[in-house]
Amino acid sequence: MNRTVRRIFDVAADTVWPPVCHGCGRGCKLDVDELCNQCTASVSSAMQIEFCPGCGRSVAPYELTADGCGECRETGRLFTQVFRIAAYQDGFADLFRRFKYGGYENLELFFARTLARQILKSEHYEHIDALIPVPTCWQHRLRRHGQGVGRGFHPAEGIAKLVSKHTSIPCAPLLDRIRGGKSQVGLSGAARLVNVRGKFALAKGCQVAGGRVCIVDDIMTTGATVRECARVLRRGGVENVYVAVVARAGEDASVLNVV
Ligand SMILES: [Zn+2]
Ligand SMILES: [Zn+2]
């Protein structure tokens, strides 16, 4: 396509599909995986908060040592490394809820690119063999706007596939959801651990012994779901478990009732 034709095509496309920010819907000219200044500011401020690389929890700077946060020192580090975009709070929590429940699914482009950058710049990048999305049973797949059950929205899978494109780490569905049951939303931390127990299994025929894998999910709240996934993978012989999530929430009651 020559330059003039390309320009006419771009103008026509902008008229039919006016460019908008995928985070808030405001009209603005951006690349598909960029957000407007206001949305970018919400993300940047939530990214400033220090977190423990062993469990992903937000921590005060003095709480961290080479062995992680106080909880990791006490109970043992949960994961080799947690990658997270930001803490689930303030403007970033609003953005996340819009993504998950408000029809702003294109935010996955921005989330995946940001998460991929964190993995690429990490010393662990070369050591990760596969990205494994947390599997969701079909009843829990969220409806896309205007579409019925069965054409659901699976944020973890969508993000894992896009992160795979950016990092060239293969996305491998090595875990299966073997039973449904209650959603984790509305449950306390202890109840979440019980509720998720036994929901996952290694996919039939896959060999993971000695592997170094990264579990991908959209949000880590109490950590019960990724811990259960990690338990199954370690039982299969996985050596190192990494975790990559868009948001890491605390465990206060208001959060437990939302995500
Ligand atoms: Zn915006
Ligand atoms: Zn920790």
# chains A, B, ... in the order shown; residues from 1 in each chain; ligands from 1

$ residues_near_ligand --ligand "ligand 1" --cutoff "10 Å" --atoms "only C-alpha atoms and all ligand atoms" --output "list in words"
Val20, Cys21, His22, Gly23, Cys24, Gly25, Arg26, Gly27, Cys28, Glu34, Leu35, Cys36, Asn37, Gln38, Cys39, Thr40, Ala41, Ser42 and Leu95 of chain A

$ write_last_selection --atoms "N, CA and C atoms" --output "mmCIF file, in the first residue's frame"
data_model
loop_
_atom_site.group_PDB
_atom_site.id
_atom_site.type_symbol
_atom_site.label_atom_id
_atom_site.label_comp_id
_atom_site.auth_asym_id
_atom_site.auth_seq_id
_atom_site.Cartn_x
_atom_site.Cartn_y
_atom_site.Cartn_z
ATOM 1 N N VAL A 20 -9.388 5.045 20.954
ATOM 2 C CA VAL A 20 -9.683 5.359 22.360
ATOM 3 C C VAL A 20 -8.648 4.676 23.250
ATOM 4 N N CYS A 21 -8.556 5.159 24.489
ATOM 5 C CA CYS A 21 -7.712 4.514 25.493
ATOM 6 C C CYS A 21 -8.421 3.235 25.935
ATOM 7 N N HIS A 22 -7.699 2.112 25.961
ATOM 8 C CA HIS A 22 -8.320 0.846 26.355
ATOM 9 C C HIS A 22 -8.603 0.772 27.853
ATOM 10 N N GLY A 23 -8.097 1.766 28.599
ATOM 11 C CA GLY A 23 -8.318 1.739 30.053
ATOM 12 C C GLY A 23 -9.545 2.509 30.493
ATOM 13 N N CYS A 24 -9.955 3.531 29.729
ATOM 14 C CA CYS A 24 -11.055 4.378 30.198
ATOM 15 C C CYS A 24 -12.021 4.771 29.086
ATOM 16 N N GLY A 25 -11.658 4.494 27.844
ATOM 17 C CA GLY A 25 -12.567 4.805 26.734
ATOM 18 C C GLY A 25 -12.468 6.233 26.235
ATOM 19 N N ARG A 26 -11.588 7.063 26.842
ATOM 20 C CA ARG A 26 -11.453 8.440 26.346
ATOM 21 C C ARG A 26 -10.828 8.410 24.950
ATOM 22 N N GLY A 27 -11.302 9.304 24.099
ATOM 23 C CA GLY A 27 -10.735 9.366 22.751
ATOM 24 C C GLY A 27 -9.317 9.906 22.786
ATOM 25 N N CYS A 28 -8.366 9.196 22.225
ATOM 26 C CA CYS A 28 -6.993 9.695 22.108
ATOM 27 C C CYS A 28 -6.226 8.770 21.171
ATOM 28 N N GLU A 34 -0.906 0.996 24.587
ATOM 29 C CA GLU A 34 -0.616 2.147 25.446
ATOM 30 C C GLU A 34 -1.909 2.664 26.069
ATOM 31 N N LEU A 35 -1.774 3.398 27.175
ATOM 32 C CA LEU A 35 -2.938 3.988 27.825
ATOM 33 C C LEU A 35 -2.783 5.506 27.866
ATOM 34 N N CYS A 36 -3.900 6.210 28.109
ATOM 35 C CA CYS A 36 -3.848 7.674 28.191
ATOM 36 C C CYS A 36 -3.042 8.091 29.427
ATOM 37 N N ASN A 37 -2.738 9.382 29.534
ATOM 38 C CA ASN A 37 -1.901 9.861 30.644
ATOM 39 C C ASN A 37 -2.521 9.562 31.999
ATOM 40 N N GLN A 38 -3.846 9.729 32.085
ATOM 41 C CA GLN A 38 -4.499 9.515 33.382
ATOM 42 C C GLN A 38 -4.414 8.047 33.821
ATOM 43 N N CYS A 39 -4.680 7.128 32.890
ATOM 44 C CA CYS A 39 -4.594 5.697 33.228
ATOM 45 C C CYS A 39 -3.144 5.317 33.526
ATOM 46 N N THR A 40 -2.207 5.860 32.746
ATOM 47 C CA THR A 40 -0.789 5.548 32.978
ATOM 48 C C THR A 40 -0.370 6.009 34.368
ATOM 49 N N ALA A 41 -0.897 7.170 34.801
ATOM 50 C CA ALA A 41 -0.543 7.685 36.132
ATOM 51 C C ALA A 41 -1.064 6.742 37.222
ATOM 52 N N SER A 42 -2.271 6.179 37.023
ATOM 53 C CA SER A 42 -2.833 5.246 38.017
ATOM 54 C C SER A 42 -1.944 4.013 38.151
ATOM 55 N N LEU A 95 -9.026 0.276 37.342
ATOM 56 C CA LEU A 95 -8.647 -0.155 35.994
ATOM 57 C C LEU A 95 -8.796 -1.678 35.865
#

$ closest_atom_pairs --of "chain A" --to "ligand 2" --cutoff "9 Å" --atoms "only C-alpha atoms and all ligand atoms" --output "JSON lines"
{"residue": "A:Phe51", "atom": "CA", "partner": "ligand 2", "partner_atom_place_in_ligand_line": "1 (Zn)", "distance": 7.8}
{"residue": "A:Cys52", "atom": "CA", "partner": "ligand 2", "partner_atom_place_in_ligand_line": "1 (Zn)", "distance": 4.6}
{"residue": "A:Pro53", "atom": "CA", "partner": "ligand 2", "partner_atom_place_in_ligand_line": "1 (Zn)", "distance": 6.4}
{"residue": "A:Gly54", "atom": "CA", "partner": "ligand 2", "partner_atom_place_in_ligand_line": "1 (Zn)", "distance": 4.6}
{"residue": "A:Cys55", "atom": "CA", "partner": "ligand 2", "partner_atom_place_in_ligand_line": "1 (Zn)", "distance": 4.1}
{"residue": "A:Gly56", "atom": "CA", "partner": "ligand 2", "partner_atom_place_in_ligand_line": "1 (Zn)", "distance": 6.2}
{"residue": "A:Arg57", "atom": "CA", "partner": "ligand 2", "partner_atom_place_in_ligand_line": "1 (Zn)", "distance": 5.9}
{"residue": "A:Ser58", "atom": "CA", "partner": "ligand 2", "partner_atom_place_in_ligand_line": "1 (Zn)", "distance": 8.5}
{"residue": "A:Val59", "atom": "CA", "partner": "ligand 2", "partner_atom_place_in_ligand_line": "1 (Zn)", "distance": 8.3}
{"residue": "A:Leu64", "atom": "CA", "partner": "ligand 2", "partner_atom_place_in_ligand_line": "1 (Zn)", "distance": 8.2}
{"residue": "A:Asp67", "atom": "CA", "partner": "ligand 2", "partner_atom_place_in_ligand_line": "1 (Zn)", "distance": 8.2}
{"residue": "A:Gly68", "atom": "CA", "partner": "ligand 2", "partner_atom_place_in_ligand_line": "1 (Zn)", "distance": 5.0}
{"residue": "A:Cys69", "atom": "CA", "partner": "ligand 2", "partner_atom_place_in_ligand_line": "1 (Zn)", "distance": 4.1}
{"residue": "A:Gly70", "atom": "CA", "partner": "ligand 2", "partner_atom_place_in_ligand_line": "1 (Zn)", "distance": 6.6}
{"residue": "A:Glu71", "atom": "CA", "partner": "ligand 2", "partner_atom_place_in_ligand_line": "1 (Zn)", "distance": 5.5}
{"residue": "A:Cys72", "atom": "CA", "partner": "ligand 2", "partner_atom_place_in_ligand_line": "1 (Zn)", "distance": 4.3}
{"residue": "A:Arg73", "atom": "CA", "partner": "ligand 2", "partner_atom_place_in_ligand_line": "1 (Zn)", "distance": 7.5}
{"residue": "A:Gly76", "atom": "CA", "partner": "ligand 2", "partner_atom_place_in_ligand_line": "1 (Zn)", "distance": 8.5}
{"residue": "A:Arg77", "atom": "CA", "partner": "ligand 2", "partner_atom_place_in_ligand_line": "1 (Zn)", "distance": 6.4}
{"residue": "A:Leu78", "atom": "CA", "partner": "ligand 2", "partner_atom_place_in_ligand_line": "1 (Zn)", "distance": 7.3}
{"residue": "A:Phe79", "atom": "CA", "partner": "ligand 2", "partner_atom_place_in_ligand_line": "1 (Zn)", "distance": 8.8}

$ residues_around --residues "range 241-252 of chain A" --least-positions-apart "5" --cutoff "7 Å" --atoms "only C-alpha atoms" --output "list in words"
Gly56, Arg57, Phe79, Thr80, Gln81, Val82, Phe83, Arg84, Ile85, Ala86, Ala87, Tyr88, Phe111, Arg212, Val213, Cys214, Ile215, Val216, Asp217, Asp218, Ile219, Met220, Thr221, Thr222 and Ala230 of chain A

$ select_by_dssp --residues "range 63-144 of chain A" --states "helix (DSSP H, G or I)" --output "VMD selection string"
chain A and resid 63 70 to 75 90 to 101 107 to 120 125 to 127 138 to 140

$ write_last_selection --atoms "N, CA and C atoms" --output "mmCIF file, in the first residue's frame"
data_model
loop_
_atom_site.group_PDB
_atom_site.id
_atom_site.type_symbol
_atom_site.label_atom_id
_atom_site.label_comp_id
_atom_site.auth_asym_id
_atom_site.auth_seq_id
_atom_site.Cartn_x
_atom_site.Cartn_y
_atom_site.Cartn_z
ATOM 1 N N GLU A 63 11.007 -4.170 55.637
ATOM 2 C CA GLU A 63 10.595 -5.554 55.931
ATOM 3 C C GLU A 63 11.347 -6.566 55.055
ATOM 4 N N GLY A 70 8.746 -10.824 56.015
ATOM 5 C CA GLY A 70 8.653 -11.515 57.303
ATOM 6 C C GLY A 70 7.934 -12.851 57.195
ATOM 7 N N GLU A 71 6.838 -12.868 56.427
ATOM 8 C CA GLU A 71 6.066 -14.120 56.289
ATOM 9 C C GLU A 71 6.883 -15.190 55.579
ATOM 10 N N CYS A 72 7.598 -14.800 54.531
ATOM 11 C CA CYS A 72 8.421 -15.777 53.795
ATOM 12 C C CYS A 72 9.544 -16.308 54.693
ATOM 13 N N ARG A 73 10.094 -15.433 55.520
ATOM 14 C CA ARG A 73 11.174 -15.899 56.416
ATOM 15 C C ARG A 73 10.629 -16.899 57.428
ATOM 16 N N GLU A 74 9.388 -16.654 57.833
ATOM 17 C CA GLU A 74 8.793 -17.507 58.859
ATOM 18 C C GLU A 74 8.315 -18.846 58.299
ATOM 19 N N THR A 75 7.644 -18.790 57.147
ATOM 20 C CA THR A 75 7.003 -20.022 56.639
ATOM 21 C C THR A 75 7.722 -20.630 55.442
ATOM 22 N N ASP A 90 -6.476 1.688 44.719
ATOM 23 C CA ASP A 90 -6.810 3.001 44.160
ATOM 24 C C ASP A 90 -7.153 2.920 42.654
ATOM 25 N N GLY A 91 -6.510 3.792 41.870
ATOM 26 C CA GLY A 91 -6.847 3.884 40.449
ATOM 27 C C GLY A 91 -6.546 2.601 39.693
ATOM 28 N N PHE A 92 -5.504 1.877 40.119
ATOM 29 C CA PHE A 92 -5.163 0.640 39.413
ATOM 30 C C PHE A 92 -6.229 -0.440 39.660
ATOM 31 N N ALA A 93 -6.798 -0.448 40.876
ATOM 32 C CA ALA A 93 -7.878 -1.405 41.166
ATOM 33 C C ALA A 93 -9.091 -1.094 40.284
ATOM 34 N N ASP A 94 -9.382 0.203 40.086
ATOM 35 C CA ASP A 94 -10.511 0.582 39.211
ATOM 36 C C ASP A 94 -10.261 0.075 37.786
ATOM 37 N N LEU A 95 -9.026 0.276 37.342
ATOM 38 C CA LEU A 95 -8.647 -0.155 35.994
ATOM 39 C C LEU A 95 -8.796 -1.678 35.865
ATOM 40 N N PHE A 96 -8.325 -2.394 36.871
ATOM 41 C CA PHE A 96 -8.387 -3.851 36.857
ATOM 42 C C PHE A 96 -9.848 -4.338 36.822
ATOM 43 N N ARG A 97 -10.699 -3.706 37.636
ATOM 44 C CA ARG A 97 -12.113 -4.121 37.651
ATOM 45 C C ARG A 97 -12.777 -3.844 36.307
ATOM 46 N N ARG A 98 -12.392 -2.733 35.669
ATOM 47 C CA ARG A 98 -12.941 -2.443 34.338
ATOM 48 C C ARG A 98 -12.535 -3.541 33.353
ATOM 49 N N PHE A 99 -11.287 -3.995 33.485
ATOM 50 C CA PHE A 99 -10.779 -5.057 32.610
ATOM 51 C C PHE A 99 -11.562 -6.348 32.829
ATOM 52 N N LYS A 100 -11.729 -6.700 34.101
ATOM 53 C CA LYS A 100 -12.279 -8.019 34.394
ATOM 54 C C LYS A 100 -13.802 -8.069 34.301
ATOM 55 N N TYR A 101 -14.443 -6.997 34.701
ATOM 56 C CA TYR A 101 -15.904 -7.045 34.766
ATOM 57 C C TYR A 101 -16.610 -5.975 33.927
ATOM 58 N N LEU A 107 -7.571 -4.182 27.548
ATOM 59 C CA LEU A 107 -6.492 -3.845 28.492
ATOM 60 C C LEU A 107 -5.468 -4.969 28.583
ATOM 61 N N GLU A 108 -5.859 -6.173 28.182
ATOM 62 C CA GLU A 108 -4.915 -7.291 28.247
ATOM 63 C C GLU A 108 -3.662 -6.998 27.414
ATOM 64 N N LEU A 109 -3.798 -6.184 26.380
ATOM 65 C CA LEU A 109 -2.633 -5.847 25.544
ATOM 66 C C LEU A 109 -1.604 -5.061 26.356
ATOM 67 N N PHE A 110 -2.081 -4.090 27.111
ATOM 68 C CA PHE A 110 -1.194 -3.282 27.951
ATOM 69 C C PHE A 110 -0.641 -4.119 29.112
ATOM 70 N N PHE A 111 -1.524 -4.873 29.769
ATOM 71 C CA PHE A 111 -1.078 -5.680 30.915
ATOM 72 C C PHE A 111 -0.003 -6.681 30.474
ATOM 73 N N ALA A 112 -0.247 -7.350 29.358
ATOM 74 C CA ALA A 112 0.708 -8.375 28.898
ATOM 75 C C ALA A 112 2.054 -7.754 28.543
ATOM 76 N N ARG A 113 2.017 -6.604 27.872
ATOM 77 C CA ARG A 113 3.286 -5.969 27.485
ATOM 78 C C ARG A 113 4.071 -5.545 28.733
ATOM 79 N N THR A 114 3.363 -5.004 29.727
ATOM 80 C CA THR A 114 4.033 -4.530 30.942
ATOM 81 C C THR A 114 4.617 -5.708 31.727
ATOM 82 N N LEU A 115 3.841 -6.774 31.836
ATOM 83 C CA LEU A 115 4.316 -7.964 32.551
ATOM 84 C C LEU A 115 5.509 -8.590 31.817
ATOM 85 N N ALA A 116 5.407 -8.628 30.510
ATOM 86 C CA ALA A 116 6.493 -9.206 29.704
ATOM 87 C C ALA A 116 7.790 -8.422 29.908
ATOM 88 N N ARG A 117 7.684 -7.091 29.998
ATOM 89 C CA ARG A 117 8.889 -6.274 30.208
ATOM 90 C C ARG A 117 9.552 -6.622 31.528
ATOM 91 N N GLN A 118 8.727 -6.891 32.545
ATOM 92 C CA GLN A 118 9.310 -7.241 33.845
ATOM 93 C C GLN A 118 10.044 -8.578 33.779
ATOM 94 N N ILE A 119 9.457 -9.512 33.059
ATOM 95 C CA ILE A 119 10.101 -10.823 32.931
ATOM 96 C C ILE A 119 11.391 -10.691 32.121
ATOM 97 N N LEU A 120 11.318 -9.933 31.011
ATOM 98 C CA LEU A 120 12.486 -9.797 30.119
ATOM 99 C C LEU A 120 13.678 -9.146 30.820
ATOM 100 N N TYR A 125 14.798 -14.547 33.553
ATOM 101 C CA TYR A 125 14.167 -14.730 32.232
ATOM 102 C C TYR A 125 14.651 -15.980 31.502
ATOM 103 N N GLU A 126 15.964 -16.142 31.435
ATOM 104 C CA GLU A 126 16.551 -17.255 30.675
ATOM 105 C C GLU A 126 16.212 -18.624 31.292
ATOM 106 N N HIS A 127 15.750 -18.609 32.549
ATOM 107 C CA HIS A 127 15.544 -19.878 33.251
ATOM 108 C C HIS A 127 14.108 -20.380 33.191
ATOM 109 N N TRP A 138 -15.396 -23.970 32.776
ATOM 110 C CA TRP A 138 -16.222 -23.194 31.853
ATOM 111 C C TRP A 138 -17.310 -22.421 32.573
ATOM 112 N N GLN A 139 -17.798 -22.911 33.734
ATOM 113 C CA GLN A 139 -18.864 -22.172 34.431
ATOM 114 C C GLN A 139 -18.370 -20.818 34.925
ATOM 115 N N HIS A 140 -17.042 -20.765 35.202
ATOM 116 C CA HIS A 140 -16.521 -19.520 35.770
ATOM 117 C C HIS A 140 -15.978 -18.566 34.722
#

$ select_by_dssp --residues "range 17-249 of chain A" --states "strand (DSSP E)" --output "PyMOL selection string"
chain A and resi 81-87+130-133+175-177+200-202+212-220+240-248

$ write_last_selection --atoms "C-alpha atoms" --output "PDB file, in the first residue's frame"
ATOM      1  CA  GLN A  81      10.138 -15.106  41.942  1.00  0.00           C
ATOM      2  CA  VAL A  82       6.814 -13.304  41.668  1.00  0.00           C
ATOM      3  CA  PHE A  83       6.358 -10.843  38.807  1.00  0.00           C
ATOM      4  CA  ARG A  84       3.517  -8.396  39.270  1.00  0.00           C
ATOM      5  CA  ILE A  85       2.512  -5.186  37.580  1.00  0.00           C
ATOM      6  CA  ALA A  86       1.160  -3.432  40.631  1.00  0.00           C
ATOM      7  CA  ALA A  87      -0.705  -3.515  43.914  1.00  0.00           C
ATOM      8  CA  ALA A 130       7.042 -22.354  30.097  1.00  0.00           C
ATOM      9  CA  LEU A 131       4.165 -20.048  30.993  1.00  0.00           C
ATOM     10  CA  ILE A 132       1.189 -21.884  32.478  1.00  0.00           C
ATOM     11  CA  PRO A 133      -2.143 -20.041  32.695  1.00  0.00           C
ATOM     12  CA  LEU A 175      -2.642 -27.859  34.200  1.00  0.00           C
ATOM     13  CA  ASP A 176      -6.247 -28.993  33.891  1.00  0.00           C
ATOM     14  CA  ARG A 177      -9.187 -27.951  35.979  1.00  0.00           C
ATOM     15  CA  PHE A 200      -6.221 -28.880  39.457  1.00  0.00           C
ATOM     16  CA  ALA A 201      -4.221 -31.750  37.997  1.00  0.00           C
ATOM     17  CA  LEU A 202      -1.341 -32.107  35.581  1.00  0.00           C
ATOM     18  CA  ARG A 212      11.061 -24.298  35.657  1.00  0.00           C
ATOM     19  CA  VAL A 213       7.652 -22.867  35.024  1.00  0.00           C
ATOM     20  CA  CYS A 214       5.788 -19.611  35.506  1.00  0.00           C
ATOM     21  CA  ILE A 215       2.131 -19.700  36.568  1.00  0.00           C
ATOM     22  CA  VAL A 216       0.169 -16.814  35.025  1.00  0.00           C
ATOM     23  CA  ASP A 217      -3.001 -15.344  36.507  1.00  0.00           C
ATOM     24  CA  ASP A 218      -4.774 -12.013  36.370  1.00  0.00           C
ATOM     25  CA  ILE A 219      -4.864 -11.434  40.108  1.00  0.00           C
ATOM     26  CA  MET A 220      -3.349 -12.979  43.221  1.00  0.00           C
ATOM     27  CA  ASN A 240      11.240 -23.879  40.221  1.00  0.00           C
ATOM     28  CA  VAL A 241       7.868 -22.174  40.260  1.00  0.00           C
ATOM     29  CA  TYR A 242       7.572 -18.532  39.183  1.00  0.00           C
ATOM     30  CA  VAL A 243       4.355 -16.528  39.248  1.00  0.00           C
ATOM     31  CA  ALA A 244       3.295 -13.646  36.990  1.00  0.00           C
ATOM     32  CA  VAL A 245       0.166 -11.663  37.846  1.00  0.00           C
ATOM     33  CA  VAL A 246      -1.318  -8.361  36.784  1.00  0.00           C
ATOM     34  CA  ALA A 247      -2.368  -7.350  40.286  1.00  0.00           C
ATOM     35  CA  ARG A 248      -1.566  -8.457  43.818  1.00  0.00           C
TER      36      ARG A 248
END

$ closest_residue --among "A:Glu123, A:Ile128, A:Gly103, A:Ala224" --to "Ala191 in chain A" --atoms "only C-alpha atoms"
A:Ala224
